[in-house]
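A.B. asks: Please find one structure pasted underneath; my questions will follow.
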4 protein chains.
Amino acid sequence: MVKVAIIGASGYTGAEAMEIILRHSRAQLTYLTALPEECGHVAQVFGQFKGRLDMHIEPLDIDKLSSLADVVLCCLPHKVSMGFVPKLLKAGLKVIDFSADYRIKNVEIYEKFYDVKHTDTANLAKAAFGLPELFRDEIKGVDLVANPGCFPTGALLAIAPLLKEGLIETDSIIVNSVTGSSGAGKNPTIAFHFPNMNENIFAYGIGSHRHMPEMEQIASEIAGTDVNLLFQPHVGPFDRGIISTVYSKPKGNVSSESLLKLYNDFYSQEHFVQVCNSAPKVKDVTGTNYCHVFPAVAKGRIISFSAIDNLIKGASGQAIQNMNIIFGMDETLGLK
Amino acid sequence: MVKVAIIGASGYTGAEAMEIILRHSRAQLTYLTALPEECGHVAQVFGQFKGRLDMHIEPLDIDKLSSLADVVLCCLPHKVSMGFVPKLLKAGLKVIDFSADYRIKNVEIYEKFYDVKHTDTANLAKAAFGLPELFRDEIKGVDLVANPGCFPTGALLAIAPLLKEGLIETDSIIVNSVTGSSGAGKNPTIAFHFPNMNENIFAYGIGSHRHMPEMEQIASEIAGTDVNLLFQPHVGPFDRGIISTVYSKPKGNVSSESLLKLYNDFYSQEHFVQVCNSAPKVKDVTGTNYCHVFPAVAKGRIISFSAIDNLIKGASGQAIQNMNIIFGMDETLGLK
Amino acid sequence: MVKVAIIGASGYTGAEAMEIILRHSRAQLTYLTALPEECGHVAQVFGQFKGRLDMHIEPLDIDKLSSLADVVLCCLPHKVSMGFVPKLLKAGLKVIDFSADYRIKNVEIYEKFYDVKHTDTANLAKAAFGLPELFRDEIKGVDLVANPGCFPTGALLAIAPLLKEGLIETDSIIVNSVTGSSGAGKNPTIAFHFPNMNENIFAYGIGSHRHMPEMEQIASEIAGTDVNLLFQPHVGPFDRGIISTVYSKPKGNVSSESLLKLYNDFYSQEHFVQVCNSAPKVKDVTGTNYCHVFPAVAKGRIISFSAIDNLIKGASGQAIQNMNIIFGMDETLGLK
Amino acid sequence: MVKVAIIGASGYTGAEAMEIILRHSRAQLTYLTALPEECGHVAQVFGQFKGRLDMHIEPLDIDKLSSLADVVLCCLPHKVSMGFVPKLLKAGLKVIDFSADYRIKNVEIYEKFYDVKHTDTANLAKAAFGLPELFRDEIKGVDLVANPGCFPTGALLAIAPLLKEGLIETDSIIVNSVTGSSGAGKNPTIAFHFPNMNENIFAYGIGSHRHMPEMEQIASEIAGTDVNLLFQPHVGPFDRGIISTVYSKPKGNVSSESLLKLYNDFYSQEHFVQVCNSAPKVKDVTGTNYCHVFPAVAKGRIISFSAIDNLIKGASGQAIQNMNIIFGMDETLGLK
């Protein structure tokens, strides 16, 4: 049994990771930590675990953690994570990091978008980008996986076949996404107060969302050339899921049929990516680690659709998929 | 034109009152106030007024208020209100008070449930309870109206005919209500954070909700005898509206048909109370000042249903209905 | 491996049963049937199974079924079920029946509420009522389990300790419930059209809901004396879950503390019933087979709250809990 | 008083038109019609009119209509409308037509997208496109107004200043919209069944939505040159509103500041178009006839956002705005 610790277990991604490990036949939760004011019995912090998980969330003690766990799901916020990860690695633990701190290889871009000095560039260089469908081989041997952002996961899976095959103009990509409100995290705010968010939908992060440089870096890596894209997120009145609608310009002639074949071939060995025959629906993937994709041609452009659960394929599910890979287990264990 | 000031204009009931006055042919907004940190142009505080209402919400200045307004809609919280109302009345203003401070005539009960000493018992004695369908005559002459609570409005209209006619055991009444989330007010909390409240429903205030003694007092007044009732509120994943399901035991034989006739007779002259032929739906009354009621007999009990919009008939709509009455205007002006 | 067939696999309870069996370590789906017009690949009927379950839903062939399965989850509607169950039993299959046809032992009451002649009274007499927390011993040996209704499951678990201990007046019980909209089934209707049901809540089935006699029968059995109760359902704007608020009159003095102790003792060995310290929230149980309960005393009455997922503990989860029992497996397999 | 008839009064746009006329100080409802099976007292067809509107919806009788009304709001479906409009005009009535039949001037394009022969090209040539902010002068004198589609209204107001000023590449426009579910109309379908649509969001009409040629025609007219655009609609889990996010490529250098100034100037005299300082929220416009717009520059592209209520500015509100114009009344009467 792989022994799993979760740092930052009191948030939505922590809770979702616990749900998954509870179903996992070869992994078990051994240590849960959070900020002191968010500690307590799991069932007090999350009512849905009452009777299902008899553990306490405790303040972090790295010695205790390293004695109890083989791997850490590190659900800390950006900037905070890189303060802990070096210690965790030094203690001999494998780390799946949920923050952006180890995703963006270009330190300058990281520092510009996150407005902070990067303090662990050594490990940054060694981290694998944890999108298994695209980087499975890189993930296999590493100690540190940078678990991708939720929007990049959906957007990149939507267009990876186009980028890989060099079919599109690399400066023509527009990613339009709508996320459910759990993406905003667990802390109450005015915008996400139920009477404000319910029956509402709006754009945010115009031209400045931090997932944009992450998408560009990985898209460029897939394409083997610089990709310059525009990402515009929106948030809507539902709990979970992201729908991404990605517009791009084909370099030459393509048809909806040829794209569908390309996508089916590209993802034929992938368990968690399903190519649909029509636009995917968020509700078909919520609660699962699946990404549904669908490409189409319209008015001389390609529109690539994808749907994921932002907390699962966009966070905790993908983290455990990565964990399964680095421990050499069946990649689907614990996941549905 | 009646000149209207709103104190506490930055909350949901304040906004709803503005919406109504904007439609009112014989009243106009002249002064809006709130706590200093919640002041600013109306369109900044509430995006829906952009281009529709060019006023600022300002910190309260009672001299300015009394020079600008004939009537005050006082949307202050319980306990705070009675600190201001005496000054407003002394300045010669009519006051419609949204708090509980002038609703509960029995000072002991008020002080027990609101855990504070009542500091304005003189005006308490003179205030009318602003439920026009039951107390129109008392409202007509007064300077101070205690605008009823949202739950009492729905519950009392559901059972007033039964109480008035002495048809039910006065210790048998159980009021089960479900409110939309706007009832919780505008301040973000963990319980009303969208990802927590969405797809959720739960009970609260068990045996202790402050609207229970208010219901009992008014029910007793209607019945002409002591009424002892149990009130259990719940909150559900929708913005607006309250559905109340009121159970009681008939003293003698009653039929659904006879009750329907009784209700139709009782409310025949009432514009804003409509007797339905089946259980009312919240969505039929949201956005309006109407209360839909329906009585039925089942298994030897009477079930009386009502539906209102908690922010309109349960707050700001009823306040303006009261304002219309005390200024001798058509009771329906501004209301729909 | 227990081989499981589902009859009526194209509805919401069928889909939920598939989700559970997919997680079950000792059971597998072997045969899925539905009406001819609802057949097809599982992923076409339910998008969420794309890539997860490669089976077809076929028209029912009882010979094929009996050769492929050990047990049948029979998700047919009331009245239809009793036309098939005798054949299934005769073919040597175990049957978990989701309809009401084998729940109500009193044929007269069944025939009155369901307006049809009962055509299989022989098996009716032998069927166990599948609420394991109350009737586990009866379930163990049987071939036919009548899986309880969703409302009765929640209501009965909320008050079973009170009935068993004889603490309440048996003619004083009022069950007020609110269900999510999936309870209405998969067929589109005007009432459940999204723009009508969203932001709405209303009562239905006044004095006539078919779960009322079911509740009364089982409550009487638990109490050992005739119980006469009133059940009033409502439906609200959410997918899943039922919250039940059950009012009753205690025979003597009780306190909230003594009730809490009673409930904790009564359910101490039960995995799927959790006694809470405050009113349960539907969202804490959705997606699980748990029932959260909480008793309190207020104004001389007992209020017992419960929350379940109507499609899981109220249907398919409980069915598989029953299946686990009759096959002598760990009762929690496949369930969360 | 302007006497108003509504044909097709039993749908959502009919109901919304009634709400508005009820508030209108210079117009009154005189005749309401629908298909025979959808007739009856208004309060039976729409519960929200109980006590508010004492009229019957009747089968259409054109003689009766012409004797009772000055103007007809014709809420018939596409293709059906052009069968009635010539008779209405011949009877001397003004007509505001909600269908697409008089919107698309190019008959070939109409016939291709609507798959029907146009049978009233004479009146098509005379109809004004009823988007007052862009075509007020054309609307003033006409007898027949083609009320715009909901998506075109939002999209065109979002980019009209750019088109008018010739600032963008006319083949670079991508309109990405999300509509609330009321856009689907009142008839229940599987996709809009509450348990399917709730917590869901998805794209539809890929490359084929009928509002695309309508947008192109009007955009071309505004720009004075051929515009070729891509429109991709989505539907989300809320009742009302459309958010449009329109991407385009500027011809030269533009800044967010210069665009904001342009938009403010362009719409400075427009009551119902408000230029925001950040991305508009659907909830700020629902229930109103307003369109909130906001332009920004990001990554070398312009993103123009707009939000409208699909049933008001996108249908019935705009129809009454048009009615007000053709009768020479204050354009805002009845509207909020």
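Numbering starts fresh at 1 for the residues of each chain in the structure tokens, the chains themselves are lettered A, B, ... in the order given, and ligands are numbered from 1 as they appear.
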Fewer than 3 positions away in the same chain doesn't count, so skip those; otherwise give me all residues within 12 Å of Asp330 (chain D), counting only C-alpha atoms, as JSON, numbers by chain.
C.D. replies: {"D": [24, 25, 26, 27, 271, 320, 321, 322, 323, 324, 325, 326, 327, 333, 334, 335]}
A.B. asks: Dump all heavy atoms for the selected residues as a tab-separated table (two decimals), in the first residue's frame?
C.D. replies:
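For reference, selection11.tsv as written:
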chain	number	residue	atom	x	y	z
D	24	HIS	N	-46.88	49.55	-18.31
D	24	HIS	CA	-46.79	50.62	-19.31
D	24	HIS	C	-47.91	51.62	-19.07
D	24	HIS	O	-49.07	51.25	-19.00
D	24	HIS	CB	-46.91	49.99	-20.71
D	24	HIS	CG	-46.36	50.82	-21.82
D	24	HIS	ND1	-46.90	52.02	-22.20
D	24	HIS	CD2	-45.31	50.61	-22.66
D	24	HIS	CE1	-46.22	52.50	-23.22
D	24	HIS	NE2	-45.23	51.67	-23.51
D	25	SER	N	-47.54	52.89	-18.98
D	25	SER	CA	-48.56	53.90	-18.65
D	25	SER	C	-49.38	54.33	-19.87
D	25	SER	O	-50.42	54.96	-19.72
D	25	SER	CB	-47.90	55.12	-18.03
D	25	SER	OG	-46.90	55.63	-18.91
D	26	ARG	N	-48.93	53.98	-21.07
D	26	ARG	CA	-49.66	54.44	-22.26
D	26	ARG	C	-50.00	53.30	-23.22
D	26	ARG	O	-50.28	53.54	-24.40
D	26	ARG	CB	-48.87	55.54	-22.98
D	26	ARG	CG	-48.73	56.80	-22.10
D	26	ARG	CD	-48.11	57.96	-22.85
D	26	ARG	NE	-48.78	58.24	-24.11
D	26	ARG	CZ	-48.22	58.93	-25.12
D	26	ARG	NH1	-46.98	59.38	-24.99
D	26	ARG	NH2	-48.88	59.15	-26.23
D	27	ALA	N	-49.97	52.08	-22.72
D	27	ALA	CA	-50.37	50.95	-23.57
D	27	ALA	C	-51.15	49.95	-22.72
D	27	ALA	O	-50.94	49.87	-21.51
D	27	ALA	CB	-49.14	50.27	-24.18
D	271	HIS	N	-30.02	55.13	-23.62
D	271	HIS	CA	-30.51	54.82	-22.29
D	271	HIS	C	-30.22	53.37	-21.92
D	271	HIS	O	-29.84	53.07	-20.79
D	271	HIS	CB	-32.02	55.06	-22.29
D	271	HIS	CG	-32.64	54.96	-20.95
D	271	HIS	ND1	-32.59	55.99	-20.02
D	271	HIS	CD2	-33.32	53.96	-20.33
D	271	HIS	CE1	-33.21	55.62	-18.92
D	271	HIS	NE2	-33.67	54.40	-19.08
D	320	ILE	N	-41.09	46.14	-27.21
D	320	ILE	CA	-41.87	47.28	-26.69
D	320	ILE	C	-41.10	48.58	-26.85
D	320	ILE	O	-41.69	49.64	-27.10
D	320	ILE	CB	-42.34	46.97	-25.25
D	320	ILE	CG1	-43.53	46.00	-25.39
D	320	ILE	CG2	-42.76	48.23	-24.51
D	320	ILE	CD1	-43.67	45.01	-24.32
D	321	GLN	N	-39.79	48.51	-26.77
D	321	GLN	CA	-38.98	49.68	-27.13
D	321	GLN	C	-39.29	50.10	-28.57
D	321	GLN	O	-39.51	51.27	-28.85
D	321	GLN	CB	-37.50	49.31	-26.95
D	321	GLN	CG	-36.52	50.47	-27.04
D	321	GLN	CD	-35.07	50.02	-26.89
D	321	GLN	OE1	-34.81	48.84	-26.64
D	321	GLN	NE2	-34.13	50.94	-27.05
D	322	ASN	N	-39.36	49.12	-29.46
D	322	ASN	CA	-39.72	49.40	-30.85
D	322	ASN	C	-41.15	49.95	-30.97
D	322	ASN	O	-41.40	50.89	-31.71
D	322	ASN	CB	-39.57	48.13	-31.70
D	322	ASN	CG	-38.12	47.83	-32.01
D	322	ASN	OD1	-37.36	48.72	-32.38
D	322	ASN	ND2	-37.72	46.57	-31.86
D	323	MET	N	-42.05	49.34	-30.24
D	323	MET	CA	-43.44	49.82	-30.24
D	323	MET	C	-43.50	51.27	-29.80
D	323	MET	O	-44.19	52.10	-30.41
D	323	MET	CB	-44.28	48.92	-29.34
D	323	MET	CG	-45.75	49.31	-29.29
D	323	MET	SD	-46.63	48.41	-27.95
D	323	MET	CE	-46.34	49.54	-26.57
D	324	ASN	N	-42.79	51.57	-28.71
D	324	ASN	CA	-42.76	52.95	-28.22
D	324	ASN	C	-42.28	53.90	-29.32
D	324	ASN	O	-42.82	55.00	-29.50
D	324	ASN	CB	-41.85	53.06	-27.00
D	324	ASN	CG	-42.44	52.37	-25.76
D	324	ASN	OD1	-43.64	52.13	-25.70
D	324	ASN	ND2	-41.60	52.07	-24.78
D	325	ILE	N	-41.28	53.46	-30.05
D	325	ILE	CA	-40.73	54.33	-31.11
D	325	ILE	C	-41.74	54.55	-32.23
D	325	ILE	O	-42.01	55.68	-32.63
D	325	ILE	CB	-39.43	53.71	-31.68
D	325	ILE	CG1	-38.33	53.75	-30.61
D	325	ILE	CG2	-38.98	54.45	-32.94
D	325	ILE	CD1	-37.07	52.97	-30.98
D	326	ILE	N	-42.35	53.47	-32.70
D	326	ILE	CA	-43.24	53.68	-33.85
D	326	ILE	C	-44.50	54.43	-33.48
D	326	ILE	O	-45.13	55.04	-34.34
D	326	ILE	CB	-43.56	52.37	-34.63
D	326	ILE	CG1	-44.25	51.34	-33.77
D	326	ILE	CG2	-42.29	51.78	-35.24
D	326	ILE	CD1	-44.57	50.05	-34.55
D	327	PHE	N	-44.86	54.46	-32.20
D	327	PHE	CA	-46.02	55.25	-31.78
D	327	PHE	C	-45.60	56.62	-31.23
D	327	PHE	O	-46.41	57.34	-30.66
D	327	PHE	CB	-46.86	54.49	-30.76
D	327	PHE	CG	-47.70	53.42	-31.39
D	327	PHE	CD1	-47.22	52.13	-31.56
D	327	PHE	CD2	-48.98	53.71	-31.88
D	327	PHE	CE1	-47.99	51.15	-32.17
D	327	PHE	CE2	-49.75	52.74	-32.48
D	327	PHE	CZ	-49.25	51.44	-32.64
D	333	LEU	N	-40.84	53.79	-21.94
D	333	LEU	CA	-42.09	53.52	-21.22
D	333	LEU	C	-42.31	52.02	-21.01
D	333	LEU	O	-42.17	51.22	-21.94
D	333	LEU	CB	-43.30	54.10	-21.98
D	333	LEU	CG	-43.53	55.62	-21.83
D	333	LEU	CD1	-44.80	56.02	-22.57
D	333	LEU	CD2	-43.59	56.04	-20.38
D	334	GLY	N	-42.64	51.66	-19.78
D	334	GLY	CA	-42.91	50.27	-19.46
D	334	GLY	C	-41.66	49.46	-19.18
D	334	GLY	O	-41.73	48.37	-18.64
D	335	LEU	N	-40.53	50.02	-19.59
D	335	LEU	CA	-39.27	49.26	-19.49
D	335	LEU	C	-38.49	49.71	-18.26
D	335	LEU	O	-38.62	50.83	-17.79
D	335	LEU	CB	-38.46	49.48	-20.76
D	335	LEU	CG	-39.18	49.01	-22.02
D	335	LEU	CD1	-38.48	49.52	-23.27
D	335	LEU	CD2	-39.25	47.48	-22.04
A.B. asks: Residues of chain C that approach chain D to 10 Å or less, counting only C-alpha atoms: could you list each one with the shortest pair of atoms and its distance in Å to one decimal, rows by chain and increasing residue number, as a tab-separated table?
C.D. replies:
residue	atom	partner	partner_atom	distance
C:Tyr12	CA	D:Pro195	CA	9.6
C:Gly180	CA	D:Pro195	CA	8.7
C:Ser181	CA	D:Pro195	CA	6.2
C:Ser182	CA	D:Pro195	CA	5.6
C:Gly183	CA	D:Pro195	CA	9.2
C:Ala184	CA	D:Pro195	CA	9.0
C:Gly185	CA	D:Pro195	CA	8.6
C:Lys186	CA	D:His193	CA	7.7
C:Asn187	CA	D:Ile190	CA	7.1
C:Pro188	CA	D:His193	CA	5.2
C:Thr189	CA	D:Pro188	CA	5.6
C:Ile190	CA	D:Pro188	CA	5.7
C:Ala191	CA	D:Pro188	CA	8.7
C:Phe192	CA	D:Phe194	CA	5.5
C:His193	CA	D:His193	CA	4.9
C:Phe194	CA	D:Phe194	CA	4.4
C:Pro195	CA	D:Asp239	CA	5.4
C:Asn196	CA	D:Lys186	CA	8.4
C:Met197	CA	D:Phe194	CA	6.6
C:Asn198	CA	D:Asp239	CA	7.2
C:Glu199	CA	D:Asp239	CA	8.4
C:Pro237	CA	D:Phe194	CA	8.2
C:Phe238	CA	D:Asn198	CA	7.5
C:Asp239	CA	D:Pro195	CA	5.4
C:Arg240	CA	D:Pro195	CA	8.5
A.B. asks: Run DSSP on the backbone and grab whatever in region 186-242 of chain B lands in strand (DSSP E or B); send it over as a tab-separated table (two decimals) with N, CA and C atoms, in the first residue's frame.
C.D. replies:
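For reference, result01.tsv as written:
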chain	number	residue	atom	x	y	z
B	193	HIS	N	-21.64	30.26	0.82
B	193	HIS	CA	-20.67	30.25	-0.27
B	193	HIS	C	-21.25	29.36	-1.37
B	202	PHE	N	-31.11	22.61	4.01
B	202	PHE	CA	-30.98	22.18	5.41
B	202	PHE	C	-31.82	23.05	6.34
B	203	ALA	N	-32.09	22.49	7.51
B	203	ALA	CA	-32.83	23.21	8.56
B	203	ALA	C	-31.87	24.02	9.40
B	230	LEU	N	-45.06	25.97	16.73
B	230	LEU	CA	-43.68	25.56	16.46
B	230	LEU	C	-43.32	25.99	15.05
B	231	PHE	N	-42.17	26.65	14.93
B	231	PHE	CA	-41.73	27.14	13.61
B	231	PHE	C	-40.37	26.54	13.28
B	232	GLN	N	-40.29	25.92	12.13
B	232	GLN	CA	-39.01	25.32	11.71
B	232	GLN	C	-38.61	25.81	10.32
B	233	PRO	N	-37.63	26.69	10.24
B	233	PRO	CA	-37.18	27.16	8.93
B	233	PRO	C	-36.10	26.26	8.31
B	234	HIS	N	-36.06	26.30	7.00
B	234	HIS	CA	-35.01	25.64	6.22
B	234	HIS	C	-34.55	26.63	5.16
B	235	VAL	N	-33.36	26.40	4.61
B	235	VAL	CA	-32.92	27.25	3.50
B	235	VAL	C	-32.52	26.36	2.33
B	242	ILE	N	-40.28	32.19	-0.24
B	242	ILE	CA	-40.48	31.33	0.93
B	242	ILE	C	-41.73	30.51	0.66
A.B. asks: Mind checking which residues fall within 8 Å of region 33-36 of chain D, counting only C-alpha atoms, ignoring those fewer than 5 positions away in the same chain, and posting them as a list in words?
C.D. replies: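 The residues satisfying every condition are Ala5, Ile6, Ile7, Gly8, Ala9, Ser10, Ile57, Glu58, Pro59 and Leu60 of chain D.
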A.B. asks: Using only C-alpha atoms, which protein or nucleic acid residues come within 12 Å of Pro152 (chain C)? Drop anything in the same chain fewer than 3 positions from it, and give the result as a ChimeraX atom specification.
C.D. replies: /C:100,103-104,129-131,147-149,155-160,175-177,209-219,229,231-233,242-244,246,306-308,310,313-315
A.B. asks: List the neighbours of Met55 (chain B) out to 6 Å using only C-alpha atoms; skip same-chain residues closer than 2 positions along the sequence, and give me the result as a list in words.
C.D. replies: His41, Val42 and Leu53 of chain B
A.B. asks: Report, in Å with one decimal, the straight-line distance from CA of Lys50 (chain D) to CA of Lys164 (chain B).
C.D. replies: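 Distance between the two atoms: 24.7 Å.
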A.B. asks: Report as a compact mmCIF listing (two decimals) with all heavy atoms, in the first residue's frame all protein, DNA and RNA residues lying within 9 Å of Phe98 (chain D), evaluated on only C-alpha atoms, omitting residues in the same chain fewer than 4 positions from it.
C.D. replies:
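Written file, around-v6.txt:
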# COMPACT_ATOMS: atom_id res chain seq x y z
N THR D 13 -41.86 34.51 -24.30
CA THR D 13 -41.76 35.91 -24.74
C THR D 13 -43.12 36.59 -24.62
O THR D 13 -43.20 37.77 -24.31
CB THR D 13 -41.25 36.01 -26.19
OG1 THR D 13 -42.08 35.21 -27.04
CG2 THR D 13 -39.81 35.53 -26.30
N LEU D 73 -47.93 42.29 -31.17
CA LEU D 73 -46.65 41.64 -30.91
C LEU D 73 -46.82 40.21 -31.39
O LEU D 73 -47.59 39.43 -30.80
CB LEU D 73 -46.31 41.69 -29.42
CG LEU D 73 -46.33 43.09 -28.77
CD1 LEU D 73 -45.96 42.99 -27.29
CD2 LEU D 73 -45.39 44.05 -29.49
N CYS D 74 -46.14 39.89 -32.45
CA CYS D 74 -46.36 38.59 -33.09
C CYS D 74 -45.26 37.63 -32.64
O CYS D 74 -44.15 37.64 -33.16
CB CYS D 74 -46.37 38.77 -34.60
SG CYS D 74 -46.87 37.28 -35.46
N CYS D 75 -45.58 36.79 -31.64
CA CYS D 75 -44.58 35.88 -31.05
C CYS D 75 -44.69 34.49 -31.65
O CYS D 75 -44.57 33.49 -30.93
CB CYS D 75 -44.76 35.82 -29.53
SG CYS D 75 -44.71 37.41 -28.71
N LEU D 76 -44.94 34.41 -32.92
CA LEU D 76 -45.04 33.11 -33.58
C LEU D 76 -43.65 32.59 -33.95
O LEU D 76 -42.69 33.36 -34.04
CB LEU D 76 -45.90 33.23 -34.84
CG LEU D 76 -47.38 33.51 -34.57
CD1 LEU D 76 -48.10 33.82 -35.87
CD2 LEU D 76 -48.04 32.33 -33.86
N PRO D 77 -43.53 31.29 -34.18
CA PRO D 77 -42.23 30.74 -34.58
C PRO D 77 -41.87 31.15 -36.00
O PRO D 77 -42.73 31.59 -36.78
CB PRO D 77 -42.44 29.21 -34.53
CG PRO D 77 -43.79 28.98 -33.96
CD PRO D 77 -44.56 30.25 -34.01
N HIS D 78 -40.59 31.00 -36.28
CA HIS D 78 -40.11 31.19 -37.62
C HIS D 78 -40.96 30.37 -38.58
O HIS D 78 -41.45 29.31 -38.24
CB HIS D 78 -38.65 30.74 -37.73
CG HIS D 78 -37.81 31.28 -36.62
ND1 HIS D 78 -37.82 32.61 -36.26
CD2 HIS D 78 -36.95 30.68 -35.75
CE1 HIS D 78 -37.00 32.79 -35.25
NE2 HIS D 78 -36.47 31.63 -34.90
N SER D 81 -44.78 32.74 -38.89
CA SER D 81 -45.08 34.17 -38.80
C SER D 81 -45.44 34.77 -40.16
O SER D 81 -46.42 35.50 -40.29
CB SER D 81 -43.88 34.89 -38.20
OG SER D 81 -44.29 36.05 -37.54
N TYR D 102 -38.64 38.27 -41.03
CA TYR D 102 -38.44 39.58 -41.66
C TYR D 102 -37.10 40.20 -41.29
O TYR D 102 -36.89 41.38 -41.47
CB TYR D 102 -39.61 40.50 -41.31
CG TYR D 102 -40.91 39.96 -41.83
CD1 TYR D 102 -41.72 39.16 -41.02
CD2 TYR D 102 -41.30 40.18 -43.16
CE1 TYR D 102 -42.89 38.61 -41.51
CE2 TYR D 102 -42.48 39.63 -43.65
CZ TYR D 102 -43.27 38.85 -42.83
OH TYR D 102 -44.43 38.31 -43.33
N VAL D 145 -41.86 45.87 -37.88
CA VAL D 145 -40.52 45.79 -37.31
C VAL D 145 -40.14 44.32 -37.13
O VAL D 145 -40.92 43.55 -36.56
CB VAL D 145 -40.43 46.50 -35.94
CG1 VAL D 145 -39.04 46.32 -35.32
CG2 VAL D 145 -40.76 47.98 -36.08
N ALA D 146 -38.98 43.96 -37.64
CA ALA D 146 -38.44 42.62 -37.39
C ALA D 146 -37.63 42.71 -36.11
O ALA D 146 -36.54 43.28 -36.09
CB ALA D 146 -37.57 42.18 -38.55
N ASN D 147 -38.19 42.19 -35.05
CA ASN D 147 -37.50 42.26 -33.75
C ASN D 147 -36.29 41.32 -33.81
O ASN D 147 -36.43 40.16 -34.18
CB ASN D 147 -38.49 41.80 -32.67
CG ASN D 147 -38.23 42.45 -31.33
OD1 ASN D 147 -38.09 43.68 -31.26
ND2 ASN D 147 -38.18 41.65 -30.27
N PRO D 148 -35.11 41.81 -33.42
CA PRO D 148 -33.89 41.02 -33.61
C PRO D 148 -33.86 39.76 -32.76
O PRO D 148 -34.54 39.66 -31.74
CB PRO D 148 -32.77 41.97 -33.16
CG PRO D 148 -33.37 43.33 -33.20
CD PRO D 148 -34.83 43.14 -32.90
N GLY D 149 -33.03 38.82 -33.16
CA GLY D 149 -32.77 37.64 -32.35
C GLY D 149 -32.02 38.02 -31.09
O GLY D 149 -31.39 39.09 -31.01
N ALA D 315 -35.72 40.16 -26.60
CA ALA D 315 -37.02 39.79 -27.18
C ALA D 315 -38.09 40.83 -26.82
O ALA D 315 -38.23 41.84 -27.50
CB ALA D 315 -37.43 38.38 -26.73
N SER D 316 -38.82 40.59 -25.73
CA SER D 316 -40.04 41.36 -25.48
C SER D 316 -39.78 42.80 -25.08
O SER D 316 -40.57 43.69 -25.41
CB SER D 316 -40.87 40.65 -24.40
OG SER D 316 -41.08 39.31 -24.78
N ALA D 319 -38.98 44.62 -28.17
CA ALA D 319 -40.21 44.77 -28.97
C ALA D 319 -41.01 45.98 -28.49
O ALA D 319 -41.53 46.76 -29.30
CB ALA D 319 -41.06 43.50 -28.86
A.B. asks: List every residue of region 2-227 of chain C that DSSP, applied to the backbone of this structure, places in helix (DSSP H, G or I), and write the result as a ChimeraX atom specification.
C.D. replies: /C:12-23,36-38,42-45,47-49,62-68,81-90,107-114,121-126,132-140,150-164,181-184,194-197,211-223
A.B. asks: Give the answer as one residue: which of B:Asn289, B:Ala91, B:Leu262, B:Gly83 has the shortest atom-to-atom distance to Lys64 (chain B), using only C-alpha atoms?
C.D. replies: B:Ala91
A.B. asks: Within 9 Å of Ala296 (chain A), counting only C-alpha atoms, which residues show up once you throw out same-chain ones fewer than 2 positions away? Write them as a list in words, please.
C.D. replies: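 With the cut-off at 9 Å, the set is Ser255, Ser256, Glu257, Leu259, Leu260, Ser278, Ala279, Phe294, Ala298, Arg301, Ile302, Ile303, Ser304 and Phe305 of chain A; Ile206 and Gly207 of chain D.
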A.B. asks: Could you work out how far CA of Ala125 (chain D) lies from CA of Lys105 (chain D), giving the answer in Å with one decimal?
C.D. replies: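 Distance reported for this atom pair: 6.8 Å.
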